[in-house]
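J.: This is the structure I want to talk about, given as structure tokens.
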Amino acid sequence: MGGGLYETSLPQGPQKRTKLQQESQKSFPAELLELVGSEGDFQQKLAEAILQEKKDFTVNVHIATSLPLPSERDHLRPQIDMIVFMIDIKNKYSLKNVEDSLAYVDAKFFLGKVCFLVTGVGRVNCCSVDMNAVWKLGENYCSPVLFCELELEGTRVATAQRLLRMLQICAGYVPGVSALYFSTLMTTFSS
Amino acid sequence: MKIFPLVSNLNLPIAICKDTGRPSWGLPFGRARRRSALSPSSRLPPAPRRTQVKAGAAEVAEDTQRTAFLLRKQWTLYSVTPLYRFSEAHLRDYSRLLSAFVAAEKKKGLAVEIGGELDIKVSVTSLPDLKGSDRDQAAILVQLSSRSSASPKNSEEKVIWSGWFCCVAGDELSENLPEAFTCLPLFLVNGAESNTAIVGTWFQKTFDCCFRRLSLSPFNLSWMAAMWTGCKVDKPASATELVFSVPRLPHPLHISYAINLEDAQALWATIQKTPGEITQEEVDVFMDCLYSHFYRHFKIHLSATKLVKVSTAVASAHCDGIIKFRQSQYLTGVLMLLTELAICQIQ
């Protein structure tokens, strides 16, 4: 599904959607979501859940273990619309990884295009990470902190839906709501 | 698989302490309120800081006699909600009632008993020394001892099960309780699981309380490792040992990291800023130093693994909620930390 606009014609006779009209819905450029985290399996599963969701627009998901991204493919990479940093509370190294990766993110992303996703919250007894440090991270970088559990399919799907909605806003496809406004709203509600 | 890195000659870098310039919270020797791990808050709660575990005062000699049986045994931890209408004056009555209950439970479902019938005697006593301050409730000890009736002349009683309730510095919970409730949030058990279930059921029915297994998260275990390393021990003590479990592997892998006690204490001495007080940052720096040392030698990120057991000269703790006390002088200090964790779990 490439870019470009297709002209739509009114349906004739019984309601029949032509292939042309279906294609016109997908005429916006694809949105790119970047998932950064040292997790591996769950990152993959979350990406799949996001791609399986029913949506009107094309979404590409790029998975990285850390930033910076290799510079060889810079010219091929489309613009990133939103970055999600994944922190596993069972894994202290994932927090350190995210903290180190944040240094490579351009400042303009912190105007609502970054979010922290804390995973593994179903297993509080295995918590290795200081929650104060995570909250502080969210506060310092003015970005919302979301909690989820990726082991369960239900919450995985719910998280995918939330992220998709945020991605739509970040890419500017929800009229009246900008990324910065939305992230301010999120941060105010969580505090 | 056990990996033993360099135990002596630990040439560690001087700890890099990131001073955030945060003002001191609370009293110098007080304890800031600890929030539960995942509760969001309007403002960041003050970073938890705790008092260093202190050795008991001079009258410890007497206490050690009475509490000596608590040492070097594996105790399983439970958190208990406040007991309703529990009175220390009626301990004898409770013993009798509990004996009857235990006897009834044991006989339930047994058609034929093979061998000598075991008479189980229950004793519920108070341990007045095990408490933090006068505001705390004295510890209550429940013991099941058996005497084989096959040789009635031999009146040796063998303790088959012990459980004790205690509360050390549990002001956070006890100060807001109505009159009729007794605050004894920590319960330690040594003995068969079946007996634990019987005694637990009786207490739950009689005092309307709730028992829950207290697990120790890796986060809490790292606090214990740092806190207990700083404690001075007289006798030549064993090394500080940390056991890690590596997740998501086809075959389970445990890594055991043993550190010479003097080296660990030297490291902690360079990190701790205020004697008698420990902050989250200091604990983080301590653990990061140990992890980076390990990484330098073995190229394994221990921070990505799960800390399951901490074993020091003072005590050893396992993530399943199992504790072993090694030094009587630090018993109250360790109980204070465990009481705090139990209260956190209840709230």
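Labels used: A, B, ... for chains in the order of the structure tokens, numbers from 1 for residues in each chain, and numbers from 1 for ligands as shown.
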Neighbouring residues of Gln272 of chain B were defined as those with any atom within 9 Å, considering only C-alpha atoms; residues of the same chain fewer than 5 positions away were excluded. Please report them as a count of residues only.
T.: 7
J.: I'd like the contact shell of Gly37 of chain A - 7 Å cut-off, only C-alpha atoms, skipping same-chain residues fewer than 3 positions apart - returned as number ranges by chain.
T.: A: 64-66, 85-87, 94, 98
J.: Define the interface residues of chain A facing chain B as those within 12 Å, counting only C-alpha atoms, and report them as a PyMOL selection string.
T.: chain A and resi 38-42+87-97+118-140+144-148+187-191
J.: Just the alpha helix (DSSP H) stuff from segment 79-325 of chain B, please, per backbone DSSP, written as a PyMOL selection string.
T.: chain B and resi 91-107+171-174+193-207+218-229+261-271+280-298
J.: What are the closest atom pairs, with distances in Å to one decimal, for all residues of segment 37-130 of chain A lying within 10 Å of segment 154-169 of chain A? Consider only C-alpha atoms, order rows by chain and residue number, and present the result as CSV.
T.:
```
residue,atom,partner,partner_atom,distance
A:Phe42,CA,A:Arg156,CA,9.3
A:Lys45,CA,A:Arg156,CA,8.2
A:Leu46,CA,A:Arg156,CA,6.4
A:Ala47,CA,A:Ala160,CA,7.9
A:Glu48,CA,A:Ala160,CA,8.9
A:Ala49,CA,A:Val157,CA,5.9
A:Ile50,CA,A:Ala160,CA,4.8
A:Leu51,CA,A:Ala160,CA,8.5
A:Gln52,CA,A:Ala160,CA,9.1
A:Glu53,CA,A:Gln161,CA,7.2
A:Lys54,CA,A:Gln161,CA,9.3
A:Lys55,CA,A:Leu164,CA,8.7
A:Phe57,CA,A:Gln168,CA,8.8
A:Val59,CA,A:Leu164,CA,8.6
A:Asp81,CA,A:Leu167,CA,6.9
A:Met82,CA,A:Leu167,CA,6.1
A:Ile83,CA,A:Leu167,CA,9.1
A:Val84,CA,A:Leu163,CA,8.6
A:Gly112,CA,A:Ile169,CA,9.4
A:Lys113,CA,A:Leu167,CA,8.2
A:Val114,CA,A:Met166,CA,9.9
A:Cys115,CA,A:Leu163,CA,9.2
A:Leu117,CA,A:Thr159,CA,9.3
```
J.: List the neighbours of Arg72 of chain B out to 8 Å using only C-alpha atoms; skip same-chain residues closer than 6 positions along the sequence, and give me the result as a ChimeraX atom specification.
T.: /B:324-326
J.: Go ahead and write the selection's residues with all heavy atoms as a compact mmCIF listing (two decimals), in the first residue's frame.
T.:
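Contents of out02.txt, freshly written:
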```txt
# COMPACT_ATOMS: atom_id res chain seq x y z
N LYS B 324 17.44 -17.91 57.92
CA LYS B 324 18.21 -18.63 58.93
C LYS B 324 19.01 -17.59 59.68
O LYS B 324 19.78 -16.84 59.08
CB LYS B 324 19.16 -19.60 58.22
CG LYS B 324 19.69 -20.71 59.11
CD LYS B 324 20.77 -21.49 58.43
CE LYS B 324 20.29 -22.83 57.95
NZ LYS B 324 21.41 -23.69 57.55
N PHE B 325 18.84 -17.54 60.99
CA PHE B 325 19.58 -16.56 61.79
C PHE B 325 20.89 -17.18 62.23
O PHE B 325 20.93 -18.31 62.68
CB PHE B 325 18.78 -16.17 63.03
CG PHE B 325 17.41 -15.63 62.72
CD1 PHE B 325 16.30 -16.43 62.90
CD2 PHE B 325 17.25 -14.35 62.24
CE1 PHE B 325 15.04 -15.95 62.61
CE2 PHE B 325 16.00 -13.86 61.95
CZ PHE B 325 14.89 -14.66 62.13
N ARG B 326 21.96 -16.39 62.16
CA ARG B 326 23.25 -16.96 62.55
C ARG B 326 23.83 -16.29 63.79
O ARG B 326 24.65 -16.88 64.49
CB ARG B 326 24.24 -16.82 61.39
CG ARG B 326 23.85 -17.64 60.20
CD ARG B 326 25.05 -18.30 59.55
NE ARG B 326 24.60 -19.30 58.60
CZ ARG B 326 24.43 -19.09 57.30
NH1 ARG B 326 24.69 -17.91 56.80
NH2 ARG B 326 24.01 -20.06 56.52
```
J.: Could you go through segment 59-167 of chain A and tell me which residues DSSP, when run on the backbone, assigns to strand (DSSP E), listing them as a list in words?
T.: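 Selection result, strand (DSSP E) within segment 59-167 of chain A: Val59, Asn60, Val61, His62, Ile63, Ala64, Met82, Ile83, Val84, Phe85, Met86, Ile87, Asp88, Val114, Cys115, Phe116, Leu117, Val118, Thr119, Val145, Leu146 and Phe147 of chain A.
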J.: Between atom CA of Ile160 of chain B and atom CA of Phe207 of chain B, what distance in Å does the model show, to one decimal?
T.: 23.9 Å
J.: With only C-alpha atoms as the atoms that count, which of B:Gln137, B:Val142, B:Ala192, B:Thr240 lies nearest to Arg92 of chain B?
T.: B:Val142
J.: Do you have the atom CA of Thr229 of chain B-atom CA of Ala68 of chain B distance handy?
T.: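 Between atom CA of Thr229 of chain B and atom CA of Ala68 of chain B the gap is 22.1 Å.
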J.: So the first atom is atom CA of Cys166 of chain B and the second is atom CA of Phe187 of chain B; what is the distance between them in Å, to one decimal place?
T.: 6.5 Å
